[in-house]
file work-v6.pdb (PDB, C-alpha atoms)
ATOM      1  CA  MET V   1      45.410 -12.660  47.919
ATOM      2  CA  LYS V   2      48.035 -15.239  48.750
ATOM      3  CA  ILE V   3      46.981 -17.716  51.424
ATOM      4  CA  SER V   4      48.627 -20.714  53.084
ATOM      5  CA  CYS V   5      47.588 -24.355  52.624
ATOM      6  CA  ASP V   6      46.161 -24.278  56.134
ATOM      7  CA  GLU V   7      43.917 -21.343  55.247
ATOM      8  CA  ALA V   8      43.036 -22.765  51.830
ATOM      9  CA  THR V   9      41.877 -26.075  53.255
ATOM     10  CA  LYS V  10      39.951 -24.261  55.960
ATOM     11  CA  ILE V  11      38.031 -22.347  53.288
ATOM     12  CA  CYS V  12      37.561 -25.607  51.429
ATOM     13  CA  ASP V  13      36.030 -27.150  54.573
ATOM     14  CA  LYS V  14      33.794 -24.141  55.057
ATOM     15  CA  SER V  15      32.609 -24.332  51.473
ATOM     16  CA  GLN V  16      31.491 -27.924  52.037
ATOM     17  CA  TYR V  17      28.731 -26.400  54.156
ATOM     18  CA  LYS V  18      28.206 -23.634  51.590
ATOM     19  CA  GLU V  19      29.355 -21.049  54.089
ATOM     20  CA  ALA V  20      32.514 -19.724  52.440
ATOM     21  CA  SER V  21      32.260 -16.098  51.284
ATOM     22  CA  PHE V  22      32.778 -15.072  47.678
ATOM     23  CA  LEU V  23      36.145 -13.533  48.492
ATOM     24  CA  ASP V  24      37.189 -16.703  50.306
ATOM     25  CA  LYS V  25      36.322 -18.776  47.267
ATOM     26  CA  VAL V  26      38.310 -16.494  44.978
ATOM     27  CA  LYS V  27      41.303 -16.839  47.287
ATOM     28  CA  LEU V  28      40.903 -20.606  47.391
ATOM     29  CA  ASN V  29      40.661 -20.946  43.603
ATOM     30  CA  PHE V  30      43.705 -18.751  43.179
ATOM     31  CA  HIS V  31      45.601 -20.974  45.596
ATOM     32  CA  LEU V  32      44.428 -24.115  43.799
ATOM     33  CA  ILE V  33      45.949 -23.001  40.494
ATOM     34  CA  LEU V  34      49.361 -23.403  42.051
ATOM     35  CA  CYS V  35      48.954 -26.008  44.783
ATOM     36  CA  LYS V  36      48.458 -29.653  43.794
ATOM     37  CA  LYS V  37      48.359 -30.854  47.408
ATOM     38  CA  CYS V  38      45.371 -28.701  48.237
ATOM     39  CA  GLY V  39      43.816 -29.666  44.902
ATOM     40  CA  LYS V  40      43.879 -33.242  46.049
ATOM     41  CA  TYR V  41      42.470 -32.251  49.419
ATOM     42  CA  THR V  42      39.610 -30.389  47.724
ATOM     43  CA  HIS V  43      38.731 -33.367  45.577
ATOM     44  CA  GLN V  44      38.889 -35.779  48.503
ATOM     45  CA  ASN V  45      36.915 -33.396  50.672
ATOM     46  CA  ASN V  46      34.000 -33.683  48.253
ATOM     47  CA  VAL V  47      34.179 -37.451  48.583
ATOM     48  CA  MET V  48      34.269 -37.134  52.370
ATOM     49  CA  THR V  49      31.169 -34.928  52.291
ATOM     50  CA  LYS V  50      29.333 -37.717  50.471
ATOM     51  CA  CYS V  51      30.485 -40.173  53.143
ATOM     52  CA  TYR V  52      29.254 -37.857  55.898
ATOM     53  CA  GLU V  53      25.926 -37.500  54.139
ATOM     54  CA  LYS V  54      25.580 -41.260  54.040
ATOM     55  CA  HIS V  55      26.477 -41.420  57.693
ATOM     56  CA  ARG V  56      23.976 -38.667  58.464
ATOM     57  CA  LEU V  57      21.136 -40.679  56.911
ATOM     58  CA  PHE V  58      22.247 -43.741  58.834
ATOM     59  CA  GLU V  59      22.269 -41.838  62.119
ATOM     60  CA  ALA V  60      18.909 -40.231  61.385
ATOM     61  CA  SER V  61      17.361 -43.672  61.053
ATOM     62  CA  LYS V  62      18.371 -44.548  64.606
ATOM     63  CA  GLU V  63      15.756 -44.121  67.277
ATOM     64  CA  ASN V  64      16.876 -42.005  70.149
ATOM     65  CA  CYS V  65      14.678 -42.971  73.014
ATOM     66  CA  LEU V  66      15.293 -44.039  76.560
ATOM     67  CA  LYS V  67      14.486 -47.650  77.346
ATOM     68  CA  GLU V  68      11.602 -48.321  79.716
ATOM     69  CA  GLU V  69      13.929 -49.777  82.341
ATOM     70  CA  GLU V  70      16.157 -46.711  82.133
ATOM     71  CA  LYS V  71      13.163 -44.507  82.765
ATOM     72  CA  GLU V  72      12.041 -46.661  85.673
ATOM     73  CA  CYS V  73      15.514 -46.424  87.141
ATOM     74  CA  MET V  74      15.462 -42.630  86.771
ATOM     75  CA  LYS V  75      12.055 -42.493  88.415
ATOM     76  CA  GLY V  76      13.343 -44.481  91.358
ATOM     77  CA  VAL V  77      16.297 -42.177  91.913
ATOM     78  CA  LEU V  78      14.236 -39.047  91.438
ATOM     79  CA  LYS V  79      11.624 -40.240  93.927
ATOM     80  CA  THR V  80      14.204 -40.421  96.690
ATOM     81  CA  LYS V  81      15.002 -36.756  96.138
ATOM     82  CA  ILE V  82      11.489 -35.354  95.921
TER      83      ILE V  82
ATOM     84  CA  MET H   1      -8.803  -8.807  80.921
ATOM     85  CA  ASN H   2      -6.834 -11.851  79.914
ATOM     86  CA  VAL H   3      -5.479 -13.812  82.775
ATOM     87  CA  THR H   4      -2.598 -16.011  81.653
ATOM     88  CA  GLU H   5      -2.465 -19.328  83.337
ATOM     89  CA  LYS H   6       0.444 -19.840  85.646
ATOM     90  CA  HIS H   7       2.459 -22.976  85.002
ATOM     91  CA  THR H   8       3.212 -25.362  87.792
ATOM     92  CA  LEU H   9       5.809 -28.055  88.377
ATOM     93  CA  ASN H  10       4.992 -31.725  88.822
ATOM     94  CA  PRO H  11       8.258 -33.527  89.502
ATOM     95  CA  GLU H  12       6.482 -36.870  89.947
ATOM     96  CA  LYS H  13       5.521 -36.751  86.287
ATOM     97  CA  TRP H  14       8.775 -35.389  84.875
ATOM     98  CA  ILE H  15      10.132 -38.718  83.636
ATOM     99  CA  ASP H  16       6.922 -39.694  81.851
ATOM    100  CA  LEU H  17       6.322 -36.286  80.367
ATOM    101  CA  HIS H  18       9.780 -34.986  79.523
ATOM    102  CA  ALA H  19      12.514 -37.643  79.759
ATOM    103  CA  ASP H  20      12.319 -38.728  76.114
ATOM    104  CA  TYR H  21      12.177 -35.173  74.839
ATOM    105  CA  LEU H  22      15.123 -34.062  76.945
ATOM    106  CA  PHE H  23      17.094 -37.174  76.033
ATOM    107  CA  ASN H  24      16.513 -36.661  72.326
ATOM    108  CA  TYR H  25      17.479 -33.009  72.654
ATOM    109  CA  THR H  26      20.698 -33.967  74.428
ATOM    110  CA  ILE H  27      21.831 -36.843  72.259
ATOM    111  CA  THR H  28      21.665 -34.784  69.072
ATOM    112  CA  ARG H  29      24.141 -32.466  70.755
ATOM    113  CA  VAL H  30      26.507 -34.666  72.718
ATOM    114  CA  SER H  31      26.112 -37.827  70.592
ATOM    115  CA  ASP H  32      26.962 -40.147  73.457
ATOM    116  CA  ARG H  33      24.134 -42.212  74.892
ATOM    117  CA  ASP H  34      25.417 -42.607  78.440
ATOM    118  CA  LEU H  35      26.496 -39.012  78.700
ATOM    119  CA  ALA H  36      23.101 -37.863  77.407
ATOM    120  CA  LYS H  37      21.357 -39.993  80.005
ATOM    121  CA  ASP H  38      23.500 -38.548  82.800
ATOM    122  CA  LEU H  39      22.857 -34.990  81.678
ATOM    123  CA  VAL H  40      19.107 -35.577  81.610
ATOM    124  CA  GLN H  41      19.241 -37.110  85.080
ATOM    125  CA  ASP H  42      21.310 -34.185  86.353
ATOM    126  CA  THR H  43      18.829 -31.780  84.829
ATOM    127  CA  PHE H  44      15.985 -33.320  86.810
ATOM    128  CA  PHE H  45      18.029 -33.140  90.017
ATOM    129  CA  ALA H  46      18.959 -29.531  89.382
ATOM    130  CA  GLY H  47      15.312 -28.810  88.612
ATOM    131  CA  LEU H  48      14.256 -30.242  91.948
ATOM    132  CA  LYS H  49      16.825 -28.184  93.778
ATOM    133  CA  ALA H  50      15.783 -25.003  92.018
ATOM    134  CA  LYS H  51      12.059 -25.712  92.295
ATOM    135  CA  GLU H  52      11.483 -22.651  94.442
ATOM    136  CA  ASN H  53      12.839 -20.365  91.742
ATOM    137  CA  PHE H  54      10.263 -21.467  89.196
ATOM    138  CA  GLN H  55       7.975 -18.504  88.577
ATOM    139  CA  GLY H  56       5.463 -20.209  86.339
ATOM    140  CA  LYS H  57       6.038 -17.864  83.424
ATOM    141  CA  ALA H  58       7.378 -20.564  81.108
ATOM    142  CA  SER H  59       6.129 -24.090  80.710
ATOM    143  CA  GLU H  60       7.669 -26.824  82.771
ATOM    144  CA  ARG H  61       9.442 -28.267  79.723
ATOM    145  CA  THR H  62      10.878 -24.916  78.630
ATOM    146  CA  TRP H  63      12.170 -24.393  82.124
ATOM    147  CA  LEU H  64      13.807 -27.829  82.225
ATOM    148  CA  ILE H  65      15.365 -27.252  78.788
ATOM    149  CA  SER H  66      16.914 -24.016  80.001
ATOM    150  CA  ILE H  67      18.587 -25.951  82.820
ATOM    151  CA  LEU H  68      19.685 -28.657  80.395
ATOM    152  CA  LYS H  69      21.194 -26.075  78.019
ATOM    153  CA  ARG H  70      23.390 -24.827  80.843
ATOM    154  CA  LYS H  71      24.464 -28.415  81.561
ATOM    155  CA  ILE H  72      25.445 -28.931  77.914
ATOM    156  CA  ILE H  73      27.581 -25.787  77.884
ATOM    157  CA  ASP H  74      29.269 -26.931  81.101
ATOM    158  CA  GLN H  75      29.907 -30.323  79.536
ATOM    159  CA  TYR H  76      31.433 -28.710  76.455
ATOM    160  CA  ARG H  77      33.713 -26.564  78.619
ATOM    161  CA  LYS H  78      34.802 -29.652  80.476
ATOM    162  CA  MET H  79      35.665 -31.333  77.180
ATOM    163  CA  ASN H  80      37.464 -28.228  76.037
ATOM    164  CA  SER H  81      39.719 -28.185  79.055
ATOM    165  CA  ALA H  82      40.343 -31.940  79.136
ATOM    166  CA  LYS H  83      43.982 -32.508  78.339
ATOM    167  CA  GLY H  84      46.106 -35.529  77.644
ATOM    168  CA  LYS H  85      43.370 -37.585  76.015
ATOM    169  CA  ALA H  86      42.942 -37.945  72.258
ATOM    170  CA  GLU H  87      44.702 -35.147  70.462
ATOM    171  CA  ILE H  88      44.395 -33.729  66.998
ATOM    172  CA  LYS H  89      47.533 -34.293  64.976
ATOM    173  CA  MET H  90      48.960 -31.222  63.309
ATOM    174  CA  ASN H  91      48.562 -31.181  59.553
ATOM    175  CA  PHE H  92      50.343 -27.903  58.884
ATOM    176  CA  TYR H  93      53.508 -26.306  60.238
ATOM    177  CA  SER H  94      52.457 -23.901  62.943
ATOM    178  CA  ASP H  95      55.534 -21.683  62.836
ATOM    179  CA  GLY H  96      58.829 -21.054  61.106
ATOM    180  CA  GLU H  97      59.490 -20.471  57.441
ATOM    181  CA  ARG H  98      57.018 -23.115  56.319
ATOM    182  CA  GLU H  99      54.172 -21.931  58.554
ATOM    183  CA  GLY H 100      50.788 -22.941  57.122
ATOM    184  CA  GLU H 101      52.278 -25.462  54.673
ATOM    185  CA  TRP H 102      51.429 -29.168  54.730
ATOM    186  CA  ILE H 103      53.570 -31.296  57.028
ATOM    187  CA  GLU H 104      55.204 -33.867  54.752
ATOM    188  CA  GLU H 105      53.653 -37.058  56.138
ATOM    189  CA  ARG H 106      50.178 -35.492  56.309
ATOM    190  CA  VAL H 107      50.024 -34.480  52.634
ATOM    191  CA  PRO H 108      47.015 -36.124  50.944
ATOM    192  CA  SER H 109      47.979 -39.320  49.090
ATOM    193  CA  SER H 110      46.308 -40.631  45.984
ATOM    194  CA  TRP H 111      43.195 -42.675  46.601
ATOM    195  CA  GLN H 112      42.017 -45.782  44.797
ATOM    196  CA  PRO H 113      40.592 -45.075  41.355
ATOM    197  CA  GLU H 114      37.079 -46.346  42.085
ATOM    198  CA  VAL H 115      36.415 -44.122  45.052
ATOM    199  CA  GLU H 116      32.862 -43.206  44.066
ATOM    200  CA  LYS H 117      31.795 -46.828  43.898
ATOM    201  CA  ASN H 118      33.639 -47.541  47.096
ATOM    202  CA  ILE H 119      31.617 -45.161  49.230
ATOM    203  CA  GLU H 120      28.502 -47.235  48.574
ATOM    204  CA  ALA H 121      29.918 -50.159  50.587
ATOM    205  CA  ALA H 122      28.099 -50.815  53.845
ATOM    206  CA  GLU H 123      31.330 -51.264  55.816
ATOM    207  CA  LEU H 124      32.337 -47.704  55.101
ATOM    208  CA  ASN H 125      30.000 -46.467  57.805
ATOM    209  CA  LEU H 126      31.706 -48.646  60.392
ATOM    210  CA  VAL H 127      35.160 -47.367  59.485
ATOM    211  CA  LEU H 128      33.927 -43.794  59.434
ATOM    212  CA  GLU H 129      32.236 -44.244  62.797
ATOM    213  CA  LYS H 130      35.519 -45.485  64.234
ATOM    214  CA  CYS H 131      37.415 -42.519  62.808
ATOM    215  CA  ILE H 132      34.854 -40.091  64.216
ATOM    216  CA  GLY H 133      35.080 -41.930  67.531
ATOM    217  CA  ASN H 134      38.826 -41.301  67.605
ATOM    218  CA  LEU H 135      38.403 -37.536  67.495
ATOM    219  CA  PRO H 136      38.893 -35.658  70.762
ATOM    220  CA  ASP H 137      35.511 -35.117  72.511
ATOM    221  CA  LYS H 138      35.303 -31.432  71.735
ATOM    222  CA  HIS H 139      36.036 -31.887  68.030
ATOM    223  CA  ARG H 140      33.673 -34.819  67.762
ATOM    224  CA  MET H 141      30.855 -32.919  69.413
ATOM    225  CA  VAL H 142      31.139 -29.824  67.220
ATOM    226  CA  PHE H 143      31.791 -31.809  64.044
ATOM    227  CA  LYS H 144      28.766 -34.028  64.598
ATOM    228  CA  MET H 145      26.480 -31.160  65.514
ATOM    229  CA  LYS H 146      27.440 -29.384  62.327
ATOM    230  CA  THR H 147      27.758 -32.282  59.875
ATOM    231  CA  ILE H 148      25.607 -35.132  61.126
ATOM    232  CA  GLN H 149      22.885 -33.259  63.000
ATOM    233  CA  ASP H 150      22.937 -30.412  60.519
ATOM    234  CA  PHE H 151      22.647 -27.569  63.041
ATOM    235  CA  ASP H 152      23.164 -23.998  61.864
ATOM    236  CA  THR H 153      26.522 -22.437  62.688
ATOM    237  CA  GLU H 154      24.724 -19.735  64.641
ATOM    238  CA  VAL H 155      22.834 -22.232  66.775
ATOM    239  CA  ILE H 156      25.969 -24.208  67.641
ATOM    240  CA  CYS H 157      27.869 -21.053  68.543
ATOM    241  CA  LYS H 158      25.049 -19.898  70.762
ATOM    242  CA  GLU H 159      24.501 -23.246  72.428
ATOM    243  CA  LEU H 160      28.174 -23.918  73.126
ATOM    244  CA  ASP H 161      29.057 -20.287  73.699
ATOM    245  CA  ILE H 162      31.831 -20.207  71.067
ATOM    246  CA  THR H 163      32.623 -17.852  68.177
ATOM    247  CA  ALA H 164      32.114 -18.737  64.513
ATOM    248  CA  SER H 165      35.843 -18.579  63.828
ATOM    249  CA  ASN H 166      36.406 -20.915  66.744
ATOM    250  CA  LEU H 167      33.854 -23.294  65.250
ATOM    251  CA  TRP H 168      35.537 -23.298  61.836
ATOM    252  CA  VAL H 169      38.948 -24.033  63.331
ATOM    253  CA  ILE H 170      37.454 -27.033  65.125
ATOM    254  CA  ILE H 171      35.614 -28.234  61.999
ATOM    255  CA  HIS H 172      38.778 -27.778  59.916
ATOM    256  CA  ARG H 173      40.869 -29.808  62.346
ATOM    257  CA  ALA H 174      38.248 -32.519  62.627
ATOM    258  CA  ARG H 175      37.868 -32.817  58.855
ATOM    259  CA  THR H 176      41.579 -32.906  58.107
ATOM    260  CA  GLN H 177      41.991 -35.581  60.763
ATOM    261  CA  LEU H 178      39.056 -37.601  59.401
ATOM    262  CA  ARG H 179      40.362 -37.365  55.842
ATOM    263  CA  LYS H 180      43.668 -38.816  56.955
ATOM    264  CA  CYS H 181      41.993 -41.540  59.028
ATOM    265  CA  MET H 182      39.772 -42.596  56.119
ATOM    266  CA  GLU H 183      42.735 -42.484  53.774
ATOM    267  CA  ASP H 184      44.709 -44.842  56.003
ATOM    268  CA  ASN H 185      41.829 -47.204  56.693
ATOM    269  CA  TRP H 186      39.663 -47.153  53.619
ATOM    270  CA  PHE H 187      40.692 -45.193  50.557
ATOM    271  CA  LYS H 188      44.391 -45.977  50.337
ATOM    272  CA  LYS H 189      45.550 -47.317  47.005
TER     273      LYS H 189
END

call {"tool": "encode", "arguments": {"input": "work-v6.pdb", "output": "structure tokens"}}
result
Amino acid sequence: MKISCDEATKICDKSQYKEASFLDKVKLNFHLILCKKCGKYTHQNNVMTKCYEKHRLFEASKENCLKEEEKECMKGVLKTKI
Amino acid sequence: MNVTEKHTLNPEKWIDLHADYLFNYTITRVSDRDLAKDLVQDTFFAGLKAKENFQGKASERTWLISILKRKIIDQYRKMNSAKGKAEIKMNFYSDGEREGEWIEERVPSSWQPEVEKNIEAAELNLVLEKCIGNLPDKHRMVFKMKTIQDFDTEVICKELDITASNLWVIIHRARTQLRKCMEDNWFKK
């Protein structure tokens, strides 16, 4: 049942994606009763997840297309090889 | 009897028909514009070279994607073996009596009291982007695929040819590093 801080924070990271198992979560909570450092990590990890979510929305709004001149350049190079 | 149409290749039209699709596919995985462009270009070259092996069973695009997938795995392996560049700092003792415990200077500090309000600031994204940019290539790629592009664990493992436990170690290291970076540059009291 006893796990290290390294393992506890790894479970904590996994649970941010809702992929920690039930047993993992029990182990983590047991660890958190005694460990203030990991308690802080857990709290801050939730904040970080919100930051990542914000960043995710920002990235999703970006358009990922090649510019026309980049495509023309690719065409030119490809032509020489056909 | 149903006769299925045989697909053919038209390299002259590849850029117009598939470049954007392939580029989009690549950038969501490697999250580096120039690298994505190079991989797409390489895919077209490799496609030309392997033209004779095309049997017409799959569509042209599917066939090109299968080449591109191989290129992405190769790229990941290259990143994985690259040494000496950005490294992940250890957060926990890796051996001895204190194995698995927090290394003193990496223990989480207290953050400012108004953290929730603070994450609404527009500049936060810039700082976070910088912190993510400081991660080693391999960690950045896996972290972004999982967190920013929202890919399933299974998909990432399959596409990069890694195990789930391998993935979680990488995510764990990336997140502990990012927490520390954001603490130093944004959240510190």

call {"tool": "resolve_selection", "arguments": {"input": "work-v6.pdb", "expression": "the PyMOL selection byres ((chain V and resi 57-67) around 9)", "output": "PyMOL selection string"}}
result
(chain V and resi 52-56+68-72) or (chain H and resi 19-21+23-24+27-28+33+37+125+148-149)

call {"tool": "resolve_selection", "arguments": {"input": "work-v6.pdb", "expression": "the PyMOL selection byres ((chain V and resi 29) around 12)", "output": "list of chain:residue names"}}
result
V:Met1, V:Lys2, V:Ile3, V:Cys5, V:Ala8, V:Thr9, V:Ile11, V:Cys12, V:Ser15, V:Phe22, V:Leu23, V:Asp24, V:Lys25, V:Val26, V:Lys27, V:Leu28, V:Phe30, V:His31, V:Leu32, V:Ile33, V:Leu34, V:Cys35, V:Lys36, V:Cys38, V:Gly39, V:Thr42

call {"tool": "axis_aligned_box", "arguments": {"input": "work-v6.pdb", "around": "stretch 10-22 of chain V", "padding_each_side": "3 Å", "output": "AutoDock Vina command-line options"}}
result
--center_x 34.1 --center_y -21.5 --center_z 51.8 --size_x 17.7 --size_y 18.9 --size_z 14.3

call {"tool": "residues_near_point", "arguments": {"input": "work-v6.pdb", "point": "(16.1, -26.8, 81.0)", "cutoff": "10 Å", "atoms": "only C-alpha atoms", "output": "list in words"}}
result
Leu22, Val40, Thr43, Phe44, Ala46, Gly47, Glu60, Arg61, Thr62, Trp63, Leu64, Ile65, Ser66, Ile67, Leu68, Lys69, Arg70 and Lys71 of chain H

call {"tool": "interface_residues", "arguments": {"input": "work-v6.pdb", "of": "chain H", "to": "chain V", "cutoff": "9 Å", "atoms": "all atoms listed in the file", "output": "count of residues only"}}
result
54

call {"tool": "atom_distance", "arguments": {"input": "work-v6.pdb", "atom1": "atom CA of H:His7", "atom2": "atom CA of H:Ala58"}}
result
6.7 Å

call {"tool": "atom_distance", "arguments": {"input": "work-v6.pdb", "atom1": "atom CA of H:Ser31", "atom2": "atom CA of H:Ala82"}}
result
17.6 Å

call {"tool": "atom_distance", "arguments": {"input": "work-v6.pdb", "atom1": "atom CA of H:Gly56", "atom2": "atom CA of H:Lys6"}}
result
5.1 Å

call {"tool": "closest_residue", "arguments": {"input": "work-v6.pdb", "among": "H:Lys89, H:Gln112, H:Asn80, H:Leu160", "to": "H:Glu183", "atoms": "all atoms listed in the file"}}
result
H:Gln112

call {"tool": "closest_residue", "arguments": {"input": "work-v6.pdb", "among": "H:Asn185, H:Glu105, H:Ala50, H:Gln177", "to": "H:Glu123", "atoms": "only C-alpha atoms"}}
result
H:Asn185

call {"tool": "residues_around", "arguments": {"input": "work-v6.pdb", "residues": "H:Asn134", "least_positions_apart": "2", "cutoff": "12 Å", "atoms": "only C-alpha atoms", "output": "MDAnalysis selection string"}}
result
chainID H and resid 85:89 127:132 136:141 174 177:178 180:182

call {"tool": "residues_around", "arguments": {"input": "work-v6.pdb", "residues": "H:Thr153", "least_positions_apart": "3", "cutoff": "8 Å", "atoms": "only C-alpha atoms", "output": "JSON list (two decimals) with C-alpha atoms, in the frame of the given file"}}
result
[["chain", "number", "residue", "atom", "x", "y", "z"],
["H", 146, "LYS", "CA", 27.44, -29.38, 62.33],
["H", 156, "ILE", "CA", 25.97, -24.21, 67.64],
["H", 157, "CYS", "CA", 27.87, -21.05, 68.54],
["H", 164, "ALA", "CA", 32.11, -18.74, 64.51],
["H", 167, "LEU", "CA", 33.85, -23.29, 65.25]]
